[in-house]
Each structure stands twice: as C-alpha cells, then as structure tokens.
file model-v3.tsv (TSV, C-alpha atoms and all ligand atoms)
chain	number	residue	atom	x	y	z
A	1	MET	CA	-190.69	63.00	-138.68
A	2	GLN	CA	-194.09	61.43	-138.69
A	3	TYR	CA	-196.70	62.25	-136.02
A	4	PRO	CA	-198.49	61.03	-134.02
A	5	ARG	CA	-195.85	58.56	-132.98
A	6	VAL	CA	-195.11	56.22	-130.13
A	7	THR	CA	-191.44	55.96	-129.25
A	8	VAL	CA	-190.11	52.92	-127.44
A	9	ASP	CA	-186.89	53.19	-125.46
A	10	ARG	CA	-185.51	49.69	-125.86
A	11	THR	CA	-182.72	50.24	-123.34
A	12	LYS	CA	-185.27	51.00	-120.64
A	13	LEU	CA	-187.48	48.10	-121.69
A	14	LYS	CA	-184.51	45.74	-121.61
A	15	HIS	CA	-183.69	46.94	-118.10
A	16	ASN	CA	-187.27	46.22	-117.00
A	17	LEU	CA	-187.13	42.76	-118.56
A	18	ASP	CA	-183.83	41.88	-116.92
A	19	TYR	CA	-184.68	43.33	-113.53
A	20	LEU	CA	-188.05	41.66	-113.05
A	21	SER	CA	-187.26	38.32	-114.69
A	22	ASN	CA	-184.14	37.99	-112.51
A	23	LYS	CA	-186.12	38.84	-109.41
A	24	LEU	CA	-188.76	36.23	-110.25
A	25	LYS	CA	-186.11	33.65	-111.08
A	26	ALA	CA	-184.58	34.19	-107.64
A	27	LYS	CA	-187.98	33.36	-106.13
A	28	GLY	CA	-188.24	30.17	-108.17
A	29	ILE	CA	-190.83	31.62	-110.54
A	30	GLN	CA	-190.65	31.17	-114.30
A	31	VAL	CA	-191.81	34.07	-116.42
A	32	ALA	CA	-194.20	33.88	-119.33
A	33	ALA	CA	-193.55	37.29	-120.90
A	34	VAL	CA	-196.64	38.68	-122.60
A	35	THR	CA	-196.37	40.48	-125.96
A	36	LYS	CA	-200.02	41.34	-126.66
A	37	VAL	CA	-199.87	44.87	-125.28
A	38	PHE	CA	-197.60	45.99	-128.14
A	39	SER	CA	-199.19	43.76	-130.79
A	40	ALA	CA	-196.04	41.60	-130.73
A	41	TYR	CA	-194.00	44.06	-132.79
A	42	PRO	CA	-190.92	42.08	-133.91
A	43	GLU	CA	-188.50	44.79	-132.71
A	44	LEU	CA	-189.76	44.25	-129.17
A	45	VAL	CA	-190.38	40.50	-129.29
A	46	ALA	CA	-186.68	40.17	-130.13
A	47	LEU	CA	-185.76	41.88	-126.84
A	48	TYR	CA	-188.05	39.56	-124.91
A	49	ALA	CA	-186.70	36.48	-126.64
A	50	ASP	CA	-183.13	37.53	-125.82
A	51	THR	CA	-183.83	37.88	-122.10
A	52	LYS	CA	-182.16	35.06	-120.24
A	53	ASN	CA	-184.75	34.41	-117.57
A	54	VAL	CA	-187.81	34.63	-119.78
A	55	ALA	CA	-188.95	31.01	-120.00
A	56	PHE	CA	-192.08	31.37	-122.16
A	57	LEU	CA	-193.35	33.94	-124.63
A	58	ALA	CA	-197.08	34.51	-124.49
A	59	ASP	CA	-199.79	36.31	-126.42
A	60	SER	CA	-203.57	36.31	-126.47
A	61	ARG	CA	-203.93	36.30	-130.26
A	62	LEU	CA	-202.72	33.51	-132.49
A	63	GLU	CA	-202.07	36.01	-135.33
A	64	ASN	CA	-199.45	37.77	-133.21
A	65	PHE	CA	-197.18	34.72	-133.09
A	66	ALA	CA	-196.54	35.21	-136.81
A	67	ASN	CA	-194.38	38.20	-135.75
A	68	TYR	CA	-192.13	36.05	-133.56
A	69	PRO	CA	-188.66	35.14	-134.79
A	70	THR	CA	-188.59	31.54	-135.99
A	71	ASP	CA	-185.58	30.56	-133.88
A	72	ILE	CA	-186.73	31.53	-130.36
A	73	LYS	CA	-185.64	29.28	-127.51
A	74	GLN	CA	-188.78	29.84	-125.45
A	75	GLU	CA	-191.98	27.85	-125.70
A	76	LYS	CA	-194.97	29.76	-127.09
A	77	LEU	CA	-198.05	30.07	-124.91
A	78	LEU	CA	-201.53	31.19	-126.02
A	79	LEU	CA	-203.24	33.13	-123.22
A	80	ARG	CA	-206.80	33.45	-124.43
A	81	ILE	CA	-208.87	30.27	-124.29
A	82	PRO	CA	-208.70	29.00	-127.89
A	83	MET	CA	-211.65	29.14	-130.29
A	84	LEU	CA	-213.02	25.79	-131.43
A	85	SER	CA	-212.73	27.13	-134.97
A	86	GLN	CA	-208.98	27.76	-134.54
A	87	VAL	CA	-207.66	24.52	-133.09
A	88	GLN	CA	-205.80	23.59	-136.25
A	89	LYS	CA	-203.94	26.89	-136.33
A	90	LEU	CA	-203.42	26.60	-132.57
A	91	VAL	CA	-201.66	23.26	-132.79
A	92	GLU	CA	-199.56	24.48	-135.72
A	93	THR	CA	-198.58	27.71	-133.97
A	94	VAL	CA	-198.01	27.30	-130.23
A	95	ASP	CA	-196.66	24.71	-127.80
A	96	ILE	CA	-198.94	25.49	-124.87
A	97	SER	CA	-202.39	26.98	-124.37
A	98	LEU	CA	-204.52	27.97	-121.41
A	99	ASN	CA	-207.83	26.07	-121.51
A	100	SER	CA	-211.07	25.72	-119.62
A	101	GLN	CA	-213.45	23.83	-121.93
A	102	LEU	CA	-213.21	20.05	-122.27
A	103	GLU	CA	-214.84	20.10	-125.70
A	104	THR	CA	-212.12	22.41	-127.01
A	105	ILE	CA	-209.38	20.32	-125.41
A	106	GLN	CA	-210.82	17.21	-127.08
A	107	ALA	CA	-210.82	18.99	-130.44
A	108	ILE	CA	-207.18	20.01	-129.87
A	109	ASN	CA	-206.33	16.39	-129.12
A	110	GLN	CA	-207.90	15.22	-132.39
A	111	THR	CA	-206.10	17.86	-134.41
A	112	ALA	CA	-202.79	17.16	-132.68
A	113	GLN	CA	-203.26	13.50	-133.50
A	114	THR	CA	-203.74	14.20	-137.21
A	115	GLN	CA	-200.73	16.56	-137.17
A	116	ASN	CA	-198.73	13.95	-135.29
A	117	LYS	CA	-198.00	16.39	-132.48
A	118	TYR	CA	-198.47	16.79	-128.74
A	119	HIS	CA	-200.05	19.90	-127.32
A	120	LYS	CA	-199.50	21.09	-123.77
A	121	ILE	CA	-202.23	22.69	-121.75
A	122	ILE	CA	-202.58	24.59	-118.50
A	123	LEU	CA	-206.09	24.09	-117.11
A	124	MET	CA	-207.58	27.33	-115.86
A	125	ILE	CA	-209.42	27.50	-112.56
A	126	ASP	CA	-211.69	30.37	-111.62
A	127	LEU	CA	-211.02	31.56	-108.09
A	128	GLY	CA	-213.52	34.40	-108.15
A	129	ASP	CA	-212.52	36.91	-110.83
A	130	LEU	CA	-215.19	35.35	-113.07
A	131	ARG	CA	-213.46	35.59	-116.39
A	132	GLU	CA	-212.04	32.27	-117.66
A	133	GLY	CA	-211.63	29.05	-115.68
A	134	ILE	CA	-213.61	26.14	-114.27
A	135	PHE	CA	-215.53	27.16	-111.18
A	136	GLU	CA	-216.80	23.95	-109.52
A	137	GLN	CA	-214.40	21.48	-107.94
A	138	ALA	CA	-216.36	18.47	-109.25
A	139	GLU	CA	-216.06	19.79	-112.80
A	140	ILE	CA	-212.34	20.43	-112.36
A	141	ASP	CA	-211.80	16.80	-111.38
A	142	GLN	CA	-214.06	15.42	-114.12
A	143	THR	CA	-212.23	17.54	-116.68
A	144	VAL	CA	-208.82	16.38	-115.47
A	145	GLU	CA	-209.97	12.77	-115.61
A	146	ALA	CA	-211.16	13.22	-119.20
A	147	ILE	CA	-207.98	15.08	-120.25
A	148	LEU	CA	-205.79	12.26	-118.97
A	149	LYS	CA	-207.49	9.95	-121.49
A	150	LEU	CA	-206.42	12.15	-124.42
A	151	PRO	CA	-203.20	10.75	-125.88
A	152	HIS	CA	-202.04	13.92	-127.67
A	153	ILE	CA	-202.66	16.34	-124.79
A	154	GLU	CA	-200.12	16.89	-122.02
A	155	LEU	CA	-201.63	18.43	-118.92
A	156	ILE	CA	-198.61	20.35	-117.62
A	157	GLY	CA	-200.29	22.42	-114.94
A	158	ILE	CA	-203.13	24.50	-113.63
A	159	GLY	CA	-203.49	28.24	-113.43
A	160	VAL	CA	-205.58	31.19	-112.40
A	161	ASN	CA	-206.27	34.62	-113.78
A	162	LEU	CA	-207.26	37.48	-111.49
A	163	THR	CA	-207.76	41.25	-111.57
A	164	CYS	CA	-209.07	41.18	-115.13
A	165	TYR	CA	-212.86	41.11	-115.10
A	166	GLY	CA	-213.78	41.15	-111.43
A	167	ALA	CA	-210.69	43.19	-110.47
A	168	ILE	CA	-210.14	40.67	-107.66
A	169	ILE	CA	-206.78	41.21	-105.98
A	170	PRO	CA	-204.72	38.06	-105.46
A	171	ASN	CA	-203.68	37.22	-101.92
A	172	TYR	CA	-202.03	34.33	-100.12
A	173	ALA	CA	-205.34	32.61	-99.29
A	174	ILE	CA	-206.64	32.74	-102.88
A	175	LEU	CA	-203.39	31.38	-104.31
A	176	GLN	CA	-203.31	28.74	-101.58
A	177	GLN	CA	-206.62	27.46	-103.01
A	178	LEU	CA	-204.80	26.91	-106.29
A	179	VAL	CA	-202.08	25.00	-104.43
A	180	GLU	CA	-204.75	22.82	-102.81
A	181	HIS	CA	-206.34	22.07	-106.17
A	182	LYS	CA	-202.91	21.01	-107.44
A	183	GLN	CA	-202.29	18.75	-104.45
A	184	ARG	CA	-205.73	17.16	-104.67
A	185	ILE	CA	-205.44	16.56	-108.44
A	186	GLU	CA	-201.95	15.07	-108.04
A	187	ALA	CA	-203.08	12.74	-105.27
A	188	THR	CA	-206.37	11.73	-106.91
A	189	PHE	CA	-204.91	10.93	-110.32
A	190	ASN	CA	-201.38	10.01	-109.31
A	191	ILE	CA	-199.85	12.55	-111.66
A	192	GLN	CA	-197.44	15.44	-111.39
A	193	LEU	CA	-198.39	18.94	-112.43
A	194	ASP	CA	-195.21	20.84	-113.22
A	195	ILE	CA	-196.67	24.30	-113.55
A	196	LEU	CA	-198.69	26.31	-111.08
A	197	SER	CA	-199.47	29.53	-112.92
A	198	GLY	CA	-200.34	32.14	-110.34
A	199	GLY	CA	-201.64	35.03	-112.41
A	200	ASN	CA	-200.40	38.22	-114.02
A	201	SER	CA	-198.80	41.53	-113.01
A	202	SER	CA	-201.31	41.88	-110.18
A	203	THR	CA	-199.64	39.00	-108.31
A	204	LEU	CA	-196.27	40.76	-108.20
A	205	TYR	CA	-196.90	42.73	-105.02
A	206	LEU	CA	-197.13	39.42	-103.14
A	207	LEU	CA	-193.47	38.69	-103.87
A	208	ASP	CA	-192.50	41.22	-101.23
A	209	GLU	CA	-195.09	39.87	-98.78
A	210	ALA	CA	-195.95	36.20	-98.89
A	211	ILE	CA	-196.71	33.99	-101.85
A	212	PRO	CA	-197.23	30.22	-101.64
A	213	PRO	CA	-193.86	28.72	-102.60
A	214	GLU	CA	-195.57	26.23	-104.94
A	215	ILE	CA	-196.48	29.07	-107.37
A	216	ASN	CA	-193.82	28.68	-110.06
A	217	GLN	CA	-195.09	30.64	-113.05
A	218	LEU	CA	-196.40	34.15	-113.60
A	219	ARG	CA	-197.62	35.58	-116.90
A	220	ILE	CA	-196.34	39.15	-117.02
A	221	GLY	CA	-197.33	41.84	-119.51
A	222	GLU	CA	-197.98	45.25	-118.01
A	223	ALA	CA	-195.23	45.24	-115.37
A	224	PHE	CA	-192.49	44.87	-117.99
A	225	VAL	CA	-193.77	47.65	-120.22
A	226	LEU	CA	-195.03	50.18	-117.67
A	227	GLY	CA	-192.88	49.33	-114.64
A	228	VAL	CA	-195.88	48.96	-112.32
A	229	GLU	CA	-197.54	46.26	-110.30
A	230	THR	CA	-201.23	46.18	-111.14
A	231	ALA	CA	-203.02	45.15	-107.94
A	232	PHE	CA	-202.70	48.72	-106.64
A	233	GLY	CA	-201.11	50.43	-109.66
A	234	LYS	CA	-197.90	51.28	-107.80
A	235	PRO	CA	-194.66	51.98	-109.68
A	236	ILE	CA	-191.96	49.39	-109.04
A	237	PRO	CA	-189.07	51.60	-107.82
A	238	GLN	CA	-186.25	49.85	-109.68
A	239	MET	CA	-188.11	49.86	-113.00
A	240	HIS	CA	-188.75	52.47	-115.70
A	241	GLN	CA	-192.27	53.84	-116.04
A	242	ASP	CA	-191.46	55.84	-119.18
A	243	VAL	CA	-190.46	53.21	-121.72
A	244	PHE	CA	-193.17	54.48	-124.09
A	245	THR	CA	-193.79	58.08	-125.19
A	246	LEU	CA	-196.67	59.25	-127.32
A	247	GLU	CA	-196.03	62.44	-129.25
A	248	ALA	CA	-198.40	64.60	-131.29
A	249	GLU	CA	-198.03	67.89	-133.16
A	250	ILE	CA	-199.72	71.23	-132.50
A	251	ILE	CA	-201.76	72.28	-135.55
A	252	GLU	CA	-203.59	75.30	-134.11
A	253	TYR	CA	-202.44	77.57	-131.26
A	254	ARG	CA	-204.32	80.67	-130.17
A	255	ASP	CA	-206.29	82.38	-127.41
A	256	LYS	CA	-210.01	81.64	-127.34
A	257	PRO	CA	-212.81	81.69	-124.76
A	258	SER	CA	-213.34	78.59	-122.63
A	259	LEU	CA	-217.11	78.57	-123.18
A	260	PRO	CA	-218.47	77.61	-126.62
A	261	ILE	CA	-220.81	80.24	-128.08
A	262	GLY	CA	-224.47	79.35	-128.85
A	263	GLN	CA	-226.93	76.61	-127.95
A	264	VAL	CA	-225.24	73.36	-126.74
A	265	GLY	CA	-226.46	70.22	-128.57
A	266	GLN	CA	-224.59	66.92	-128.94
A	267	ASP	CA	-220.87	66.56	-129.57
A	268	ALA	CA	-219.40	64.31	-132.30
A	269	PHE	CA	-219.97	61.25	-130.10
A	270	GLY	CA	-223.60	61.94	-129.13
A	271	GLN	CA	-222.75	63.32	-125.67
A	272	LYS	CA	-223.96	66.62	-124.28
A	273	PRO	CA	-220.80	68.30	-122.97
A	274	THR	CA	-220.58	70.75	-120.07
A	275	PHE	CA	-218.04	73.55	-119.74
A	276	VAL	CA	-216.53	75.69	-117.01
A	277	ASP	CA	-215.92	79.35	-117.78
A	278	LYS	CA	-212.24	80.01	-117.13
A	279	GLY	CA	-212.19	83.11	-119.29
A	280	THR	CA	-209.86	83.40	-122.22
A	281	MET	CA	-207.31	80.61	-122.46
A	282	ARG	CA	-204.46	79.58	-124.73
A	283	ARG	CA	-205.86	76.62	-126.61
A	284	GLY	CA	-203.81	74.29	-128.72
A	285	ILE	CA	-205.14	71.61	-131.02
A	286	LEU	CA	-203.04	68.50	-131.57
A	287	ALA	CA	-203.31	66.19	-134.56
A	288	LEU	CA	-204.36	63.23	-132.44
A	289	GLY	CA	-207.85	61.92	-131.82
A	290	LYS	CA	-210.10	59.19	-130.56
A	291	GLN	CA	-209.25	57.16	-133.65
A	292	ASP	CA	-205.72	56.89	-132.29
A	293	VAL	CA	-206.17	56.69	-128.55
A	294	ASP	CA	-208.72	57.10	-125.76
A	295	PRO	CA	-207.84	60.60	-124.48
A	296	SER	CA	-208.82	59.69	-120.91
A	297	ASN	CA	-205.93	57.19	-120.93
A	298	ILE	CA	-203.08	59.57	-121.74
A	299	LYS	CA	-201.37	62.20	-119.61
A	300	PRO	CA	-199.24	65.14	-120.80
A	301	ARG	CA	-195.68	64.85	-119.41
A	302	ASP	CA	-195.70	68.62	-118.99
A	303	LYS	CA	-197.92	68.90	-115.92
A	304	ARG	CA	-198.88	72.46	-116.82
A	305	LEU	CA	-200.92	71.22	-119.78
A	306	GLU	CA	-204.46	69.93	-119.45
A	307	ILE	CA	-206.54	67.93	-121.92
A	308	ILE	CA	-209.90	69.65	-122.27
A	309	GLY	CA	-211.51	67.73	-125.10
A	310	ALA	CA	-211.16	65.41	-128.03
A	311	SER	CA	-212.96	64.34	-131.17
A	312	SER	CA	-212.07	61.65	-133.67
A	313	ASP	CA	-209.02	63.47	-135.07
A	314	HIS	CA	-208.37	66.40	-132.73
A	315	LEU	CA	-207.18	66.77	-129.18
A	316	ILE	CA	-207.67	70.15	-127.48
A	317	LEU	CA	-205.33	71.19	-124.66
A	318	ASP	CA	-205.29	74.14	-122.31
A	319	PHE	CA	-201.78	75.62	-122.67
A	320	THR	CA	-202.46	78.71	-120.55
A	321	GLN	CA	-199.92	77.84	-117.83
A	322	ALA	CA	-197.20	77.15	-120.41
A	323	LYS	CA	-198.21	79.54	-123.17
A	324	GLU	CA	-194.78	80.99	-124.00
A	325	ASP	CA	-193.03	77.61	-124.11
A	326	TYR	CA	-194.89	76.22	-127.11
A	327	GLN	CA	-195.69	77.26	-130.67
A	328	LEU	CA	-197.34	75.93	-133.79
A	329	GLY	CA	-195.52	72.85	-135.07
A	330	ASP	CA	-194.12	71.86	-131.66
A	331	THR	CA	-194.96	68.48	-130.27
A	332	VAL	CA	-196.41	67.44	-126.92
A	333	GLN	CA	-195.39	64.25	-125.13
A	334	PHE	CA	-197.72	61.94	-123.23
A	335	ASP	CA	-197.38	59.06	-120.80
A	336	LEU	CA	-199.42	55.99	-121.64
A	337	THR	CA	-201.49	53.52	-119.66
A	338	TYR	CA	-202.22	49.88	-120.45
A	339	GLY	CA	-205.35	50.84	-122.38
A	340	SER	CA	-203.71	53.58	-124.42
A	341	LEU	CA	-200.70	51.37	-125.22
A	342	LEU	CA	-203.07	48.81	-126.73
A	343	ASN	CA	-204.77	51.62	-128.67
A	344	VAL	CA	-201.65	53.17	-130.18
A	345	PHE	CA	-200.13	49.86	-131.17
A	346	THR	CA	-203.28	48.81	-133.01
A	347	SER	CA	-203.89	52.20	-134.65
A	348	LYS	CA	-202.43	52.33	-138.15
A	349	TYR	CA	-202.22	56.12	-137.86
A	350	VAL	CA	-199.66	56.09	-135.05
A	351	ALA	CA	-196.06	55.64	-136.20
A	352	LYS	CA	-193.96	53.23	-134.15
A	353	VAL	CA	-190.38	54.28	-133.47
A	354	PHE	CA	-187.85	52.08	-131.70
A	355	ILE	CA	-184.77	53.74	-130.26
B	1	LIG	C1	-203.05	39.54	-120.66
B	1	LIG	C2	-202.93	38.38	-119.81
B	1	LIG	C3	-201.88	38.29	-118.88
B	1	LIG	C4	-200.90	39.42	-118.64
B	1	LIG	O1	-201.51	40.36	-117.81
B	1	LIG	P1	-200.71	41.67	-117.28
B	1	LIG	O2	-201.64	42.28	-116.31
B	1	LIG	O3	-200.45	42.52	-118.47
B	1	LIG	O4	-199.47	41.19	-116.66
B	1	LIG	C5	-201.77	37.12	-118.13
B	1	LIG	N1	-202.65	36.11	-118.27
B	1	LIG	C6	-203.69	36.17	-119.14
B	1	LIG	C7	-204.63	35.03	-119.25
B	1	LIG	C8	-203.87	37.30	-119.94
B	1	LIG	O5	-204.88	37.36	-120.80
call {"tool": "encode", "arguments": {"input": "model-v3.tsv", "output": "structure tokens"}}
result
Amino acid sequence: MQYPRVTVDRTKLKHNLDYLSNKLKAKGIQVAAVTKVFSAYPELVALYADTKNVAFLADSRLENFANYPTDIKQEKLLLRIPMLSQVQKLVETVDISLNSQLETIQAINQTAQTQNKYHKIILMIDLGDLREGIFEQAEIDQTVEAILKLPHIELIGIGVNLTCYGAIIPNYAILQQLVEHKQRIEATFNIQLDILSGGNSSTLYLLDEAIPPEINQLRIGEAFVLGVETAFGKPIPQMHQDVFTLEAEIIEYRDKPSLPIGQVGQDAFGQKPTFVDKGTMRRGILALGKQDVDPSNIKPRDKRLEIIGASSDHLILDFTQAKEDYQLGDTVQFDLTYGSLLNVFTSKYVAKVFI
C-alpha cells in the first residue's frame, strides 16, 4: 500500500453520472461533462465517455485531452478561453471551444483554414460574474457579425459562466437575459444558434424550480464528482458524496501538551500561530502536508478527530476523543472538497487508486 492515496469508487461515480445525466436529458438539457477536476485521468474519462447521456466531454486544459481515449463518441469542448499562442494545438485537439475575444477567434479561423478544418465556438457572455465573456450588448453584436464572416468558424451557440469569480448565483431572470441575447442575435443576423449553455453545477438547483426552457446545455464538473449542487453547496439526495477518499498514515502517535513551549515566532509559512490550551492531548502526525493538499479543504470522516495544524509534509490531528481506536501505522480517511480534489490529483506524491 502506498500513502497518501486518493481512492475513487467508480461504481459510485458511475451512479452519479447516470443519475444526473438522465435527469438533465429528461429536461431537454445536454451535458458537457467536465474532467478537469481529476486531471482527466484515463480511468475516469473512460467512465464519462461510456455514459449514454453525456453529449460532450469538456476540460479547461488542452493538455488533458491527450488522456482521452481516441475513439470517444462525444465532441471535445475546451472550457477555458484559448490562448492566442495555442490556437494551432486547439484546432488539432478539440471540436468546440468557449470564446470571448474576436482576435483569438480570427486566429482560430486562420489556423482552421490552413488545417482544412472547421472549428465550432460558443460565444461567452458575461452576465455579472465578471470572469470570462463579453459584457456590452453592442460588442456582442459586433463580434457575432464579425464571426459570421469567418468561413472556418461555426458559431453554434452562446453561453454564460456564473458562480466562479463573482460567486453570482444563477436565477431565472439572469438566464432569461441569455435567452434574450439568443433571440436578438438570431433575429438580427437571421441565423440559428443551436446551443444555449446555461452554466455549471451552480445552475442545477434551478432544475427543481424554474429554468428557461431554451437552456439546452450545462457544463457539469463538481456535481458528478461530489454529488452536490454548487449554488448553495447542498448534497443532491440521490447522489453519492463520497466517491473520493483521501487516506494518510499515522507516523507519530503520543500524548503531548497543546501549547508549544517557548517564545512563538513564525511558522514554516511565515504566519504567527495562536494556540488554545486544552491540556495534554493525544496528538497524531500523518504523512500528509501542504505539498499534497490544502488542509483547510479536507475533513476527517471520523468526526472525533480534529485537524490542528499542518506544514509542508506533516498534518497534526487531535486524536483525544478517539485515542484507543488508533495506533501508529493506521490510516485516517478524509472527505474532499472541489479545491482539495484538484490538489490531490495534481500532486505527484498522492497515489491514485481506482476501485
Ligand atoms: C470548470 C468549468 C465548468 C464546470 O464547473 P463545475 O462547477 O465544476 O460544474 C463549467 N464551465 C466552465 C467555463 C468551467 O471553467
């Protein structure tokens, strides 16, 4: 056994994929399933690709598509606005990209022309979250007009991203603005936009309330892997929240005081820590540190344990409430969040185990 490790229960993940993609399908919404949160590990991409109602596979990094099987039936979608310096690789690698800069779209057109290809784009509109997307209506229309002149670009739709930078929660009125942009663009330019891409896992809660029926695509990452909607962070009852388990080994286990002895200076990260005197406690050190994961983003499954500190390679836990149930060499299991999932999948020190 190698620790620390992240274990992925593929049966639970498959359930989440089937459950949510079927539910979205029933509402007339196509799913772009997002693989960036687990660095597009092939063992997991395969599950996504085999899910019947997953219509697109999406990632934010072009490099990650190299992990995809070559024979997938889904179209590949790049989520992050492409770099001007990467348009060649973009056109070679994916079918569709989200875009917001005309200059980049023009460069994609040129490259597609030389590669004798057509590249599809979804034009991103900023409805207030203030990450990517065109903000002014006049610029949206000018950009569409210019795109329609590019022979190797297919404008297949428009989209929005919310709850990423500004943490803006989608609602009916915001998404209705997207619908109105679509209708105006279609009428002005006498074209049809097939895709109206209404956001990410934070839009899911609207399915049970009211969502404009024109929204026909969602790009879903977190909900599949963690079984939660992300507008309010609520678990989705029919889905698994424990697909992923982080496990680390106890390397020191003994009673010690809770207050460090001597003058307090700076810790390993330049912070001046403060301590509460809880008397003598059973302290355990795990072989897991900030190089592997941000300790504020993991939670021990055993609720009696409490994380009390971390440095680059060590995690210190208070085991006092569960003292007799652990010993040196045992492991402790943790639940993960979106942030810690990203961390463990990009840390080379964390083993990945697929069961
Ligand atoms: C990451 C990302 C998503 C997926 O977001 P989740 O909250 O994980 O569902 C969707 N769209 C864009 C543009 C993204 O970058």
call {"tool": "atom_distance", "arguments": {"input": "model-v3.tsv", "atom1": "atom CA of A:Gln333", "atom2": "atom CA of A:Glu247"}}
result
4.5 Å
call {"tool": "residues_around", "arguments": {"input": "model-v3.tsv", "residues": "A:Phe224", "least_positions_apart": "5", "cutoff": "8 Å", "atoms": "only C-alpha atoms", "output": "list of chain:residue names"}}
result
A:Leu13, A:Asn16, A:Leu17, A:Leu20
call {"tool": "closest_residue", "arguments": {"input": "model-v3.tsv", "among": "A:Leu317, A:Leu78, A:Leu246, A:Ala268", "to": "A:Asp335", "atoms": "all atoms listed in the file"}}
result
A:Leu246
call {"tool": "residues_near_point", "arguments": {"input": "model-v3.tsv", "point": "(-196.4, 66.3, -131.5)", "cutoff": "10 Å", "atoms": "only C-alpha atoms", "output": "VMD selection string"}}
result
chain A and resid 1 to 5 246 to 251 286 to 288 328 to 334
call {"tool": "residues_near_ligand", "arguments": {"input": "model-v3.tsv", "ligand": "ligand LIG 1 (chain B)", "cutoff": "7 Å", "atoms": "all atoms listed in the file", "output": "list of chain:residue names"}}
result
A:Val34, A:Lys36, A:Ser60, A:Leu79, A:Arg80, A:Asn161, A:Gly199, A:Asn200, A:Ser201, A:Ser202, A:Arg219, A:Ile220, A:Gly221, A:Glu222, A:Ala223, A:Thr230
call {"tool": "atom_distance", "arguments": {"input": "model-v3.tsv", "atom1": "atom CA of A:Arg282", "atom2": "atom CA of A:Thr320"}}
result
4.7 Å
call {"tool": "closest_atom_pairs", "arguments": {"input": "model-v3.tsv", "of": "stretch 46-101 of chain A", "to": "stretch 132-135 of chain A", "cutoff": "9 Å", "atoms": "only C-alpha atoms", "output": "Markdown table"}}
result
| residue | atom | partner | partner_atom | distance |
| --- | --- | --- | --- | --- |
| A:Arg80 | CA | A:Glu132 | CA | 8.6 |
| A:Ile81 | CA | A:Glu132 | CA | 7.6 |
| A:Asn99 | CA | A:Gly133 | CA | 7.6 |
| A:Ser100 | CA | A:Gly133 | CA | 5.2 |
| A:Gln101 | CA | A:Ile134 | CA | 8.0 |
call {"tool": "residues_around", "arguments": {"input": "model-v3.tsv", "residues": "A:Asn297", "least_positions_apart": "4", "cutoff": "8 Å", "atoms": "all atoms listed in the file", "output": "list in words"}}
result
Val293, Leu336, Thr337, Gly339 and Ser340 of chain A
call {"tool": "residues_around", "arguments": {"input": "model-v3.tsv", "residues": "A:Thr163", "least_positions_apart": "4", "cutoff": "8 Å", "atoms": "only C-alpha atoms", "output": "number ranges by chain"}}
result
A: 129, 167-170, 202, 231
call {"tool": "closest_residue", "arguments": {"input": "model-v3.tsv", "among": "A:Val8, A:Leu150, A:Ile298, A:Val160", "to": "A:Gln110", "atoms": "only C-alpha atoms"}}
result
A:Leu150
call {"tool": "atom_distance", "arguments": {"input": "model-v3.tsv", "atom1": "atom CA of A:Lys182", "atom2": "atom CA of A:Ile158"}}
result
7.1 Å
call {"tool": "closest_atom_pairs", "arguments": {"input": "model-v3.tsv", "of": "stretch 275-355 of chain A", "to": "stretch 255-259 of chain A", "cutoff": "6 Å", "atoms": "only C-alpha atoms", "output": "CSV"}}
result
residue,atom,partner,partner_atom,distance
A:Asp277,CA,A:Ser258,CA,5.5
A:Lys278,CA,A:Ser258,CA,5.8
A:Gly279,CA,A:Pro257,CA,5.7
A:Thr280,CA,A:Pro257,CA,4.3
A:Met281,CA,A:Asp255,CA,5.4
A:Arg282,CA,A:Asp255,CA,4.3
A:Arg283,CA,A:Asp255,CA,5.8
call {"tool": "write_last_selection", "arguments": {"input": "model-v3.tsv", "atoms": "C-alpha atoms", "output": "mmCIF file, in the frame of the given file"}}
result
data_model
loop_
_atom_site.group_PDB
_atom_site.id
_atom_site.type_symbol
_atom_site.label_atom_id
_atom_site.label_comp_id
_atom_site.auth_asym_id
_atom_site.auth_seq_id
_atom_site.Cartn_x
_atom_site.Cartn_y
_atom_site.Cartn_z
ATOM 1 C CA ASP A 277 -215.920 79.350 -117.780
ATOM 2 C CA LYS A 278 -212.240 80.010 -117.130
ATOM 3 C CA GLY A 279 -212.190 83.110 -119.290
ATOM 4 C CA THR A 280 -209.860 83.400 -122.220
ATOM 5 C CA MET A 281 -207.310 80.610 -122.460
ATOM 6 C CA ARG A 282 -204.460 79.580 -124.730
ATOM 7 C CA ARG A 283 -205.860 76.620 -126.610
#
call {"tool": "residues_around", "arguments": {"input": "model-v3.tsv", "residues": "A:Phe345", "least_positions_apart": "4", "cutoff": "8 Å", "atoms": "only C-alpha atoms", "output": "number ranges by chain"}}
result
A: 37-39, 341, 350, 352
